[in-house]
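Chemist: The following block contains the structure, expressed as structure tokens.
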Protein chains: 2
Amino acid sequence: MYFIHTINIALFFFNDCNIIKLLMEEGLLISKKGLIRDTVRLVEGYPKVALTVDCIIFGFEENKLKVLLIRSDLKIFEGKWSLLGDFARETETLEEAAYRVLLERTGMTDVFLDQVSTFSDPYRHPGGRVITAAYCSLLNIKHHELKITENELHWHSVKEIDEMAFDHLEILQTCFKWLQKRIQEHPLGFNLLPEKFSLRELQNLYEAILNIELDRRNFRKKFLSMDFLIDTGEMEEDVKHRPGKLYQFNFQKYEKNKRKWVGIDF
Amino acid sequence: MYFIHTINIALFFFNDCNIIKLLMEEGLLISKKGLIRDTVRLVEGYPKVALTVDCIIFGFEENKLKVLLIRSDLKIFEGKWSLLGDFARETETLEEAAYRVLLERTGMTDVFLDQVSTFSDPYRHPGGRVITAAYCSLLNIKHHELKITENELHWHSVKEIDEMAFDHLEILQTCFKWLQKRIQEHPLGFNLLPEKFSLRELQNLYEAILNIELDRRNFRKKFLSMDFLIDTGEMEEDVKHRPGKLYQFNFQKYEKNKRKWVGIDF
DNA sequence: TGACTTTGTGTAAAAATTACACATATTTGT
DNA sequence: ACAAATATGTGTAATTTTTACACAAAGTCA
């Protein structure tokens with residue numbers, strides 16, 4: 001009785017994916033008036049494609065925006081650089097696949113990925129139709145030593161990349177534009193820096209990513225007035241000039257006081 | 001000789017999808033060292049999924065944000081409302097599929113679609129794994145009379161939708177948030193209005209979509225100072241109060257003077 | 001110790017945002 | 001014809017934000 005009731009609820013509120021999953025695993029939906037069977041047949045009548053994810057992992061080092069690349073796995077692209085990608089598994093969301101790929105290729109876990117866009121040119125992959133979803137992240141190179149370095153995994157200066165396997169150059173460019181925009185409305189930039197950083201390092205980062213020059217005094221004023229920077233009391237060391245103060249970003253305070261974003265600006 | 005040369009160029013600059021397409025159609029790549037064959041086999045070894053697109057078409061009428069929906073095609077979702085979707089064809093990009101779906105379901109052609117996000121829960125479709133890419137647009141309801149009305153296609157007030165087929169409610173919500181953000185940094189709002197509109201209509205639109213109240217005088221000042229509005233010299237008619245001036249949006253001027261978007265604001 | 005490099009700071013002018021009130025044009029009802 | 005109702009159209013002062021700009025202090029290097 002309990003299960004019958006569950007089925008009816010499930011069919012009534014069918015948009016809850018978890019209920020569908022649950023009932024499918026129980027084998028309960030299969031018999032319900034053949035509706036599922038019909039639906040399965042319908043889906044089977046349409047072309048299917050392979051599905052991959054590609055991870056675009058940005059980092060910052062030597063005042064340059066960098067990205068993690070590997071040598072392509074495919075013979076046909078021998079020598080070409082490629083994004084970190086793989087096929088999605090049967091019961092994996094794209095997001096899960098992206099985190100798995102990142103783990104498998106780099107060993108990293110403590111990273112946030114954002115879906116940027118899906119690329120679907122039918123001829124983008126020489127092995128047949130393969131669509132790919134691009135997932136993007138930014139991280140501090142120093143805090144994420146690469147333990148796995150198969151396929152010559154390493155950081156490349158974004159500016160110097162001019163050729164890649166597949167359509168990966170296009171994907172990279174799309175993600176770079178996404179990053180330029182994103183970093184101005186969300187404090188993602190701090191993920192790229194060491195935990196403690198000087199204002200000059202922060203400014204270098206913005207200048208490098210946005211490809212603009214900023215006035216130092218105004219930049220400092222802006223960030224200090226936002227009041228999300230904690231003065232650590234420490235100073236830079238091992239620099240060959242007057243050392244600057246080191247700050248930390250107050251993520252907690254930011255999350256509480258987050259700007260609500262209303263303002264028309266074309 | 002010419003073709004051999006072409007092949008080498010193609011393999012060298014393999015990231016150009018059109019060259020791959022061209023050579024595949026010519027059957028020329030198939031023999032090249034078996035690389036393609038290997039790649040095809042590789043791709044075939046991975047799970048494949050069905051692929052759909054869903055169109056989220058927003059409109060504005062009676063001071064309410066609306067969205068085009070149809071009754072679900074599927075028996076299992078009988079009675080439920082659904083986004084305008086269909087399976088992608090073998091050699092169609094997702095974007096092409098989205099424009100096709102829009103044409104087939106509504107008869108519309110003069111519309112721009114933007115990819116918003118891809119949804120990939122393995123259990124989101126009762127017929128098996130189907131991932132879907134959401135494409136969004138905004139248009140003027142009055143300028144796009146619905147010639148096709150199969151599946152009870154019609155406009156629904158976004159606020160009143162509380163249940164949908166599949167995960168379409170989640171998709172709709174994602175697209176609504178996308179719209180709220182997009183309309184503040186790009187003059188998409190004008191697509192939702194008649195060619196000639198009063199400032200009050202424009203303000204109503206922003207207030208409805210952003211769900212905020214705006215000061216009338218400041219709103220007018222802001223838009224008039226942006227200098228993208230053309231005073232048509234005409235006035236509103238058939239309104240039961242003092243008629244307002246009618247304006248047009250100067251898309252050309254906007255495209256030339258577009259804000260370059262630099263400014264850090266968390 | 002002097003040259004060099006980079007940090008750290010303030011102010012004045014300009015621009016943008018906000019808050020706020022009253023006269024005018026038109027329709028509707030009497 | 002007039003009064004009531006409704007929505008348009010306009011300006012200014014106070015506040016906040018943005019921009020442009022220069023010089024002294026801290027540390028390194030030779």
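Letters for chains follow the order of the structure tokens (A, B, ...), residue numbers begin at 1 for each chain, and ligand numbers begin at 1 in the order shown.
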For a quick test of understanding: name the residues of chain A lying within 6 Å of chain C when counting only C-alpha atoms (C1' of nucleotides), and present them as a list in words.

Modeler: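 Residues passing the distance filter: His241, Arg242 and Gly244 of chain A.
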
Chemist: Can you list, as a list in words, all residues belonging to region 113-243 of chain B that DSSP tags as strand (DSSP E)?

Modeler: Asp114, Gln115, Val116, Ser117, Thr118, Phe119, Val130, Ile131, Thr132, Ala133, Ala134, Tyr135, Cys136, Ser137, Leu138, Leu139, His154, Trp155, His156, Ser157, Leu229, Ile230, Asp231, Thr232, Gly233, Glu234 and Met235 of chain B

Chemist: How would you write, as a PyMOL selection string, the set of residues in region 76-224 of chain B that DSSP gives as helix (DSSP H, G or I)?

Modeler: chain B and resi 76-77+94-106+141-143+150-152+158-160+168-185+187-192+199-210+216-224

Chemist: What gap, in Å, lies between CA of Phe112 (chain B) and CA of Phe60 (chain B)?

Modeler: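 Interatomic distance, CA of Phe112 (chain B) to CA of Phe60 (chain B): 16.2 Å.
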
Chemist: If you count only C-alpha atoms (C1' of nucleotides), which residues fall within 12 Å of Ile161 (chain A), apart from same-chain ones fewer than 3 positions away, as number ranges by chain?

Modeler: A: 65-69, 80-83, 155-158, 164-165, 168-170, 172-173

Chemist: Could you tell me which residues of chain A sit within 10 Å of chain D when counting only C-alpha atoms (C1' of nucleotides), and give me the result as a ChimeraX atom specification?

Modeler: /A:215,217-218,222,239-244

Chemist: Suppose we keep C-alpha atoms; can you now write the selection as a short mmCIF file (atom, residue, chain, number, x, y, z; two decimals), in the first residue's frame?

Modeler:
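Below is the file that was written, out00.cif:
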```
data_model
loop_
_atom_site.label_atom_id
_atom_site.label_comp_id
_atom_site.auth_asym_id
_atom_site.auth_seq_id
_atom_site.Cartn_x
_atom_site.Cartn_y
_atom_site.Cartn_z
CA ASP A 215 45.18 53.49 -11.16
CA ARG A 217 45.44 54.56 -5.57
CA ASN A 218 41.91 54.21 -6.86
CA LYS A 222 37.97 50.66 -4.01
CA VAL A 239 60.68 40.87 -2.51
CA LYS A 240 63.43 43.10 -3.78
CA HIS A 241 61.79 46.38 -2.85
CA ARG A 242 59.72 47.84 -0.05
CA PRO A 243 57.47 45.01 1.14
CA GLY A 244 53.70 45.47 1.04
#
```

Chemist: Per residue of chain A within 7 Å of chain B, record the nearest atom pair and its distance in Å to one decimal, counting only C-alpha atoms, with rows in chain order and ascending residue number, as a Markdown table.

Modeler:
```
| residue | atom | partner | partner_atom | distance |
| --- | --- | --- | --- | --- |
| A:Phe14 | CA | B:Phe166 | CA | 6.6 |
| A:Asn15 | CA | B:Phe166 | CA | 4.5 |
| A:Asp16 | CA | B:Asp167 | CA | 6.9 |
| A:Cys17 | CA | B:Arg124 | CA | 5.1 |
| A:Ile20 | CA | B:Tyr123 | CA | 6.3 |
| A:Lys21 | CA | B:Tyr123 | CA | 5.5 |
| A:Leu35 | CA | B:Ile76 | CA | 5.6 |
| A:Ile36 | CA | B:Gly127 | CA | 6.2 |
| A:Thr39 | CA | B:Gly127 | CA | 4.5 |
| A:Val40 | CA | B:Gly127 | CA | 3.8 |
| A:Val43 | CA | B:Gly127 | CA | 5.8 |
| A:Tyr46 | CA | B:Ala50 | CA | 6.6 |
| A:Pro47 | CA | B:Glu90 | CA | 6.0 |
| A:Lys48 | CA | B:Ala50 | CA | 4.4 |
| A:Val49 | CA | B:Lys48 | CA | 4.8 |
| A:Ala50 | CA | B:Lys48 | CA | 4.4 |
| A:Leu51 | CA | B:Lys48 | CA | 6.7 |
| A:Lys75 | CA | B:Leu35 | CA | 6.7 |
| A:Ile76 | CA | B:Leu35 | CA | 5.6 |
| A:Phe87 | CA | B:Tyr46 | CA | 6.9 |
| A:Arg89 | CA | B:Pro47 | CA | 6.6 |
| A:Glu90 | CA | B:Pro47 | CA | 6.0 |
| A:Thr91 | CA | B:Pro122 | CA | 5.4 |
| A:Glu92 | CA | B:Pro122 | CA | 6.4 |
| A:Thr93 | CA | B:Asp121 | CA | 5.1 |
| A:Leu94 | CA | B:Ser120 | CA | 6.0 |
| A:Ser117 | CA | B:Ser117 | CA | 6.6 |
| A:Thr118 | CA | B:Thr118 | CA | 6.9 |
| A:Ser120 | CA | B:Thr93 | CA | 5.2 |
| A:Asp121 | CA | B:Thr93 | CA | 5.1 |
| A:Pro122 | CA | B:Thr91 | CA | 5.4 |
| A:Tyr123 | CA | B:Cys17 | CA | 5.5 |
| A:Arg124 | CA | B:Cys17 | CA | 5.2 |
| A:Pro126 | CA | B:Ile36 | CA | 6.3 |
| A:Gly127 | CA | B:Val40 | CA | 3.8 |
| A:Gly128 | CA | B:Val40 | CA | 6.0 |
| A:Met164 | CA | B:Asn15 | CA | 6.8 |
| A:Ala165 | CA | B:Asn15 | CA | 5.7 |
| A:Phe166 | CA | B:Asn15 | CA | 4.6 |
| A:Asp167 | CA | B:Asn15 | CA | 5.1 |
| A:Gln184 | CA | B:Ile264 | CA | 4.4 |
| A:Glu185 | CA | B:Phe266 | CA | 4.8 |
| A:His186 | CA | B:Phe266 | CA | 5.2 |
| A:Pro187 | CA | B:Phe266 | CA | 6.5 |
| A:Lys258 | CA | B:Phe266 | CA | 6.7 |
| A:Arg259 | CA | B:Phe266 | CA | 5.7 |
| A:Gly263 | CA | B:Gln184 | CA | 6.3 |
| A:Ile264 | CA | B:Gln184 | CA | 4.5 |
| A:Asp265 | CA | B:Glu185 | CA | 5.1 |
| A:Phe266 | CA | B:Glu185 | CA | 4.7 |
```

Chemist: Using the selection just defined, write its residues with C-alpha atoms as a tab-separated table (two decimals), in the first residue's frame.

Modeler:
```
chain	number	residue	atom	x	y	z
A	14	PHE	CA	6.65	13.73	-11.99
A	15	ASN	CA	9.07	16.57	-12.24
A	16	ASP	CA	11.02	15.39	-9.25
A	17	CYS	CA	13.95	13.55	-10.74
A	20	ILE	CA	11.84	8.86	-10.89
A	21	LYS	CA	15.30	7.57	-10.05
A	35	LEU	CA	3.67	4.65	-20.23
A	36	ILE	CA	7.29	4.31	-19.37
A	39	THR	CA	8.42	6.76	-23.52
A	40	VAL	CA	11.52	4.61	-23.63
A	43	VAL	CA	13.54	8.14	-26.90
A	46	TYR	CA	16.04	9.39	-31.86
A	47	PRO	CA	19.74	9.73	-32.67
A	48	LYS	CA	22.10	9.50	-29.75
A	49	VAL	CA	25.39	11.19	-29.27
A	50	ALA	CA	28.43	10.73	-27.10
A	51	LEU	CA	28.85	13.21	-24.33
A	75	LYS	CA	46.73	9.91	-32.19
A	76	ILE	CA	44.98	12.03	-34.73
A	87	PHE	CA	33.35	11.00	-21.76
A	89	ARG	CA	29.36	7.87	-17.78
A	90	GLU	CA	25.94	6.32	-18.02
A	91	THR	CA	24.46	7.71	-14.81
A	92	GLU	CA	26.55	10.74	-14.17
A	93	THR	CA	25.45	14.35	-14.48
A	94	LEU	CA	27.73	16.55	-16.53
A	117	SER	CA	28.56	26.48	-22.34
A	118	THR	CA	27.88	23.39	-24.42
A	120	SER	CA	27.68	20.85	-30.37
A	121	ASP	CA	29.08	21.23	-33.86
A	122	PRO	CA	28.37	17.82	-35.43
A	123	TYR	CA	31.87	17.78	-36.92
A	124	ARG	CA	33.80	19.01	-33.94
A	126	PRO	CA	36.70	13.33	-35.83
A	127	GLY	CA	35.31	10.17	-34.20
A	128	GLY	CA	31.69	11.05	-34.81
A	164	MET	CA	44.70	23.19	-29.88
A	165	ALA	CA	43.06	19.83	-30.55
A	166	PHE	CA	39.38	19.72	-31.55
A	167	ASP	CA	37.61	23.06	-31.15
A	184	GLN	CA	34.16	41.71	-12.09
A	185	GLU	CA	30.91	40.73	-10.45
A	186	HIS	CA	32.04	37.91	-8.19
A	187	PRO	CA	35.22	37.75	-6.12
A	258	LYS	CA	26.82	40.32	-1.00
A	259	ARG	CA	25.71	43.05	-3.38
A	263	GLY	CA	21.29	48.63	-11.77
A	264	ILE	CA	20.70	49.14	-15.44
A	265	ASP	CA	23.90	49.61	-17.38
A	266	PHE	CA	24.15	48.84	-21.02
```

Chemist: What does the structure give for the distance between CA of Asn140 (chain B) and CA of Gly59 (chain B), in Å to one decimal?

Modeler: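 Result for CA of Asn140 (chain B) versus CA of Gly59 (chain B): 5.8 Å, one decimal.
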
Chemist: Just give me the gap between CA of Ser72 (chain B) and CA of Asn151 (chain B) in Å, one decimal is fine.

Modeler: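 Separating CA of Ser72 (chain B) from CA of Asn151 (chain B) is a distance of 7.3 Å.
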